[in-house]
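Report on the following structure.
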Amino acid sequence: MRALSRRPDRTTRRRGILALVFATVVAVLAGGCTGAPETRSLTDQVADAPVGPDGLLDGKPYDGTTIRFLTCCATVPQFAALDQRTADFTERTGIRVEWSNIPYAAFLQKIVAESAIGGGTYDALIWPDAWGPSLKIGVQPLDEVMAAHGVTMDDFSGPFREAASAGAENSTYGMPIRGFSYNLFYRKDIYAKLGLEPPTTWAEYYRQLEIIKNGTPEHPVAGQFGRRNGQNLNTWLSMLWSNGGELLDENGAPAFDTPAGIEATEQYLQTIRAGYTPPESSNWGELESTQAFLNGDAATVFTWSWHLEDFVNPTKAAPELAENVGVAPMPAFPGHDEQSYAYTWLAGVLNTSHHQGAAWEYVKWMTNADTERRIALDKSDPATSTGITMHDSNMLDPEVNAVNNDLPELQYEALQSGRAIPMSLDWPRIMDVLAVAISNMANGADVRAQLTDAAHRIAELD
């Protein structure tokens, strides 16, 4: 099994940890047990200079400044491409940028130290959506400088905009830099042999799983029911939403232990209870399920859109998969629309940075549609080749799609009904309660009883 540390998306295994740490820090600061770090206003530090046609300030007002960029993932192709092209940014602005590449566990600690406790070592950073509600105590709100520099969220789909708000109404704390929809991937050769078409409803999909089970040696689906850090919630959330169910109501109270939630959960569990996924998948997460599909051992898998890059790569995927990858939207229940779970990474400016103006210039450049398009079109080096785009304009660009297996447009279509996780400080604890319940149900526990118990536990969180 190949190493996965180079992919930030794999870090969903631990994505709730930092939010929980931040929640603790917030409580400490609120309780007056320690002083808050010295912070500076981004608006006050932005140079008074005209904005050029590329969105950057003309006249090199920060010429000679060096900023440090806090990241865990410098070898991910998209980020490697940004790092490589930073020389163009430096030539344009005179700002030098030093990239970190901190191991993930240390990355968590470093973000806490920089944004919640203070330090001033780093200036710009990235983070995944789940951390936003806690992280916003340590990063700059961007609304005023966005307005001053003509930067808007208009070219981003709804889930990305929601993640950028970090749960604060009408506010932006980070610019979307990397994100994905959740999709159904399937083997086109197996579907053709069995006379199947991509399903539009969950009932149709489960009928297909039975046909595949009886007609091929491959597992009908590579599921992920392991509880670790909520990975067994990815498909479940899409099924819940696509049955008209909600995780939380408008007051933040549990809302999933309803007839719609029970029906969606029982359907989800049929995957493992009917033997469509291997018994060992009761402990699988994203790593194991995608690896099974990558190896050619499964006919279908639900996972993030970026995996298409690996699934069609003949140096990584089994030949029978690489030549026959199909992608479809998530199915839905009758009378409801499909719902894709969307996942987002953001880029922002640290409160404690001494070079916030220069850091904002770099965040603008990294998340600019033209920068993104240039990277998506460049296939000269596998180490920097990626089809991940965040801007609607790039996801709908025929030229971008032509060199990226139509991944951008597929993602755009899924994102139009996509949803983000709740932007809540309580999400790490909610996630843990639900992950345990799903795991228990995958191992035979009663659905109604587990959902009712999980709802009670979440309602009692303080």
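Each chain in the structure tokens gets a letter, A, B, ..., in the order shown, and its residues are numbered from 1; ligands are numbered from 1 in order too.
Of the residues in range 51-109 of chain A, those that DSSP places in strand (DSSP E) on the basis of the backbone are Thr66, Ile67, Arg68, Phe69, Leu70, Arg96, Val97, Glu98 and Trp99 of chain A.
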8 Å contact set for Thr65 in chain A, only C-alpha atoms, chain neighbours under 4 positions out, as a short mmCIF file (atom, residue, chain, number, x, y, z; two decimals) with N, CA and C atoms, in the first residue's frame:
data_model
loop_
_atom_site.label_atom_id
_atom_site.label_comp_id
_atom_site.auth_asym_id
_atom_site.auth_seq_id
_atom_site.Cartn_x
_atom_site.Cartn_y
_atom_site.Cartn_z
N GLY A 94 8.14 41.59 -5.65
CA GLY A 94 9.34 41.79 -4.83
C GLY A 94 9.25 41.08 -3.49
N ILE A 95 8.18 40.31 -3.25
CA ILE A 95 7.98 39.59 -1.99
C ILE A 95 8.55 38.19 -2.13
N ARG A 96 9.44 37.83 -1.23
CA ARG A 96 9.96 36.47 -1.19
C ARG A 96 9.11 35.64 -0.24
N HIS A 355 3.87 40.90 8.76
CA HIS A 355 3.88 41.27 7.33
C HIS A 355 2.53 40.93 6.71
N ALA A 358 1.84 41.95 2.93
CA ALA A 358 2.51 41.10 1.97
C ALA A 358 1.89 39.70 1.95
#
Check your understanding: Could you name the residues that touch Val363 in chain A at 8 Å or less, counting only C-alpha atoms, but leaving out those on the same chain fewer than 5 positions away, as a list in words?
Key -> Ala124, Met175, Ala347, Gly348 and Val349 of chain A
Please, could you write that set of residues out with C-alpha atoms as a PDB file, in the first residue's frame?
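Below you can see result_22.pdb, which holds the result:
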ATOM      1  CA  ALA A 124       0.063  33.081   5.795  1.00  0.00           C
ATOM      2  CA  MET A 175      -9.974  32.127   0.519  1.00  0.00           C
ATOM      3  CA  ALA A 347      -5.794  30.156   2.837  1.00  0.00           C
ATOM      4  CA  GLY A 348      -5.578  33.171   5.104  1.00  0.00           C
ATOM      5  CA  VAL A 349      -3.464  35.658   7.050  1.00  0.00           C
TER       6      VAL A 349
END
Point to revise | Residue neighbourhood Ala383 in chain A, 10 Å, only C-alpha atoms, exclusion window fewer than 5 positions, as an NGL selection string | key: :A and (75-81)
Atoms kept (N, CA and C atoms) for selection, written as an mmCIF file, in the first residue's frame:
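Written output follows (again-v3.cif):
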data_model
loop_
_atom_site.group_PDB
_atom_site.id
_atom_site.type_symbol
_atom_site.label_atom_id
_atom_site.label_comp_id
_atom_site.auth_asym_id
_atom_site.auth_seq_id
_atom_site.Cartn_x
_atom_site.Cartn_y
_atom_site.Cartn_z
ATOM 1 N N THR A 75 4.291 18.829 -0.991
ATOM 2 C CA THR A 75 4.515 17.921 -2.110
ATOM 3 C C THR A 75 3.241 17.510 -2.821
ATOM 4 N N VAL A 76 2.066 17.928 -2.336
ATOM 5 C CA VAL A 76 0.839 17.705 -3.099
ATOM 6 C C VAL A 76 1.001 18.422 -4.440
ATOM 7 N N PRO A 77 0.667 17.788 -5.562
ATOM 8 C CA PRO A 77 0.929 18.415 -6.860
ATOM 9 C C PRO A 77 0.447 19.858 -6.982
ATOM 10 N N GLN A 78 -0.752 20.151 -6.517
ATOM 11 C CA GLN A 78 -1.258 21.518 -6.615
ATOM 12 C C GLN A 78 -0.379 22.487 -5.840
ATOM 13 N N PHE A 79 0.007 22.108 -4.620
ATOM 14 C CA PHE A 79 0.831 22.990 -3.804
ATOM 15 C C PHE A 79 2.274 23.030 -4.308
ATOM 16 N N ALA A 80 2.754 21.910 -4.816
ATOM 17 C CA ALA A 80 4.093 21.910 -5.400
ATOM 18 C C ALA A 80 4.148 22.869 -6.587
ATOM 19 N N ALA A 81 3.065 22.905 -7.363
ATOM 20 C CA ALA A 81 3.007 23.821 -8.502
ATOM 21 C C ALA A 81 2.977 25.272 -8.033
#
**Study point:** Test item: residues at most 10 Å from Gly158 in chain A, only C-alpha atoms, excluding those fewer than 4 positions along its chain, as a ChimeraX atom specification
**Key:** /A:153-154,162-164,342,415-420
Exercise for review: With a distance cut-off of 9 Å and only C-alpha atoms, select the neighbouring residues of Ile272 in chain A, excluding the residue or stretch itself and same-chain residues fewer than 4 positions from it, and output the selection as a PyMOL selection string.
Suggested key: chain A and resi 223+225+268+276-279+281-282+442-443
Exercise for review: Quick one: everything within 12 Å of Ser289 in chain A, counting only C-alpha atoms, minus sequence neighbours fewer than 3 positions away in the same chain. Send it as a ChimeraX atom specification.
Suggested key: /A:1,185,219-226,231-232,277-278,280-286,292-304,307
Kindly export the residues of the current selection with N, CA, C and O atoms, as a short mmCIF file (atom, residue, chain, number, x, y, z; two decimals), in the first residue's frame.
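File produced: result37.cif:
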data_model
loop_
_atom_site.label_atom_id
_atom_site.label_comp_id
_atom_site.auth_asym_id
_atom_site.auth_seq_id
_atom_site.Cartn_x
_atom_site.Cartn_y
_atom_site.Cartn_z
N MET A 1 0.85 -1.21 0.00
CA MET A 1 0.00 0.00 0.00
C MET A 1 0.88 1.24 0.00
O MET A 1 1.81 1.34 0.79
N PHE A 185 -17.71 6.69 -7.98
CA PHE A 185 -16.82 6.19 -9.02
C PHE A 185 -17.20 4.74 -9.31
O PHE A 185 -17.49 3.97 -8.38
N HIS A 219 -15.70 -7.02 -5.49
CA HIS A 219 -16.66 -6.55 -4.50
C HIS A 219 -17.55 -5.51 -5.17
O HIS A 219 -17.08 -4.64 -5.91
N PRO A 220 -18.84 -5.53 -4.92
CA PRO A 220 -19.70 -4.51 -5.52
C PRO A 220 -19.32 -3.08 -5.13
O PRO A 220 -19.43 -2.17 -5.94
N VAL A 221 -18.86 -2.89 -3.90
CA VAL A 221 -18.46 -1.56 -3.44
C VAL A 221 -17.36 -1.71 -2.40
O VAL A 221 -17.33 -2.68 -1.65
N ALA A 222 -16.46 -0.76 -2.38
CA ALA A 222 -15.45 -0.68 -1.31
C ALA A 222 -15.95 0.36 -0.31
O ALA A 222 -15.82 1.56 -0.54
N GLY A 223 -16.55 -0.09 0.78
CA GLY A 223 -17.13 0.81 1.76
C GLY A 223 -16.13 1.24 2.81
O GLY A 223 -15.02 0.72 2.89
N GLN A 224 -16.54 2.21 3.62
CA GLN A 224 -15.68 2.66 4.72
C GLN A 224 -16.56 2.90 5.95
O GLN A 224 -17.29 3.88 6.03
N PHE A 225 -16.48 1.97 6.88
CA PHE A 225 -17.32 2.01 8.08
C PHE A 225 -16.49 2.16 9.35
O PHE A 225 -17.05 2.14 10.45
N GLY A 226 -15.18 2.29 9.23
CA GLY A 226 -14.34 2.49 10.42
C GLY A 226 -14.65 3.82 11.08
O GLY A 226 -14.88 4.82 10.41
N GLN A 231 -14.60 9.15 9.31
CA GLN A 231 -14.60 8.83 7.88
C GLN A 231 -15.81 8.01 7.47
O GLN A 231 -16.17 7.99 6.29
N ASN A 232 -16.45 7.34 8.44
CA ASN A 232 -17.66 6.60 8.09
C ASN A 232 -18.88 7.49 7.95
O ASN A 232 -19.98 7.01 7.68
N THR A 277 -19.93 -5.02 0.52
CA THR A 277 -18.56 -4.60 0.80
C THR A 277 -17.94 -5.65 1.71
O THR A 277 -18.66 -6.31 2.46
N PRO A 278 -16.63 -5.85 1.66
CA PRO A 278 -16.01 -6.89 2.47
C PRO A 278 -16.26 -6.70 3.97
O PRO A 278 -16.36 -5.55 4.44
N GLU A 280 -14.26 -6.84 6.35
CA GLU A 280 -13.17 -6.06 6.95
C GLU A 280 -13.36 -4.55 6.77
O GLU A 280 -12.71 -3.75 7.43
N SER A 281 -14.28 -4.17 5.88
CA SER A 281 -14.51 -2.74 5.69
C SER A 281 -15.21 -2.10 6.88
O SER A 281 -15.36 -0.88 6.94
N SER A 282 -15.60 -2.91 7.86
CA SER A 282 -16.13 -2.34 9.11
C SER A 282 -15.07 -1.51 9.80
O SER A 282 -15.39 -0.66 10.64
N ASN A 283 -13.80 -1.74 9.43
CA ASN A 283 -12.70 -0.96 9.99
C ASN A 283 -11.99 -0.11 8.94
O ASN A 283 -10.95 0.49 9.23
N TRP A 284 -12.53 -0.04 7.73
CA TRP A 284 -11.89 0.72 6.67
C TRP A 284 -12.24 2.20 6.76
O TRP A 284 -13.33 2.58 7.20
N GLY A 285 -11.29 3.01 6.31
CA GLY A 285 -11.53 4.43 6.08
C GLY A 285 -11.26 4.75 4.62
O GLY A 285 -11.21 3.86 3.76
N GLU A 286 -11.03 6.03 4.33
CA GLU A 286 -10.78 6.46 2.96
C GLU A 286 -9.57 5.75 2.36
O GLU A 286 -9.59 5.36 1.18
N ALA A 292 -8.65 -0.29 -2.35
CA ALA A 292 -9.31 -1.46 -2.92
C ALA A 292 -9.81 -1.18 -4.33
O ALA A 292 -9.66 -2.01 -5.24
N PHE A 293 -10.39 -0.01 -4.55
CA PHE A 293 -10.85 0.37 -5.89
C PHE A 293 -9.65 0.56 -6.81
O PHE A 293 -9.67 0.12 -7.97
N LEU A 294 -8.60 1.19 -6.30
CA LEU A 294 -7.40 1.44 -7.10
C LEU A 294 -6.76 0.14 -7.56
O LEU A 294 -6.24 0.04 -8.67
N ASN A 295 -6.84 -0.88 -6.71
CA ASN A 295 -6.25 -2.18 -7.03
C ASN A 295 -7.11 -3.01 -7.98
O ASN A 295 -6.71 -4.10 -8.38
N GLY A 296 -8.31 -2.53 -8.30
CA GLY A 296 -9.20 -3.29 -9.17
C GLY A 296 -10.04 -4.31 -8.44
O GLY A 296 -10.63 -5.20 -9.08
N ASP A 297 -10.13 -4.22 -7.11
CA ASP A 297 -10.85 -5.21 -6.31
C ASP A 297 -12.31 -4.89 -6.09
O ASP A 297 -13.04 -5.69 -5.48
N ALA A 298 -12.77 -3.70 -6.51
CA ALA A 298 -14.15 -3.29 -6.28
C ALA A 298 -14.71 -2.65 -7.52
O ALA A 298 -13.99 -2.02 -8.31
N ALA A 299 -16.03 -2.78 -7.69
CA ALA A 299 -16.70 -2.22 -8.87
C ALA A 299 -17.09 -0.77 -8.67
O ALA A 299 -17.21 -0.02 -9.65
N THR A 300 -17.30 -0.35 -7.43
CA THR A 300 -17.68 1.04 -7.14
C THR A 300 -17.03 1.49 -5.85
O THR A 300 -16.61 0.68 -5.01
N VAL A 301 -16.97 2.82 -5.69
CA VAL A 301 -16.51 3.42 -4.43
C VAL A 301 -17.06 4.84 -4.38
O VAL A 301 -17.23 5.49 -5.42
N PHE A 302 -17.36 5.31 -3.18
CA PHE A 302 -17.72 6.70 -2.96
C PHE A 302 -16.52 7.41 -2.34
O PHE A 302 -16.01 6.98 -1.30
N THR A 303 -16.09 8.49 -2.98
CA THR A 303 -14.95 9.21 -2.43
C THR A 303 -14.84 10.59 -3.07
O THR A 303 -15.66 10.98 -3.90
N TRP A 304 -13.79 11.32 -2.68
CA TRP A 304 -13.59 12.70 -3.14
C TRP A 304 -13.18 12.74 -4.61
O TRP A 304 -12.46 11.87 -5.10
N HIS A 307 -9.61 12.01 -6.33
CA HIS A 307 -9.07 10.66 -6.53
C HIS A 307 -9.07 10.24 -7.99
O HIS A 307 -8.34 9.31 -8.36
#
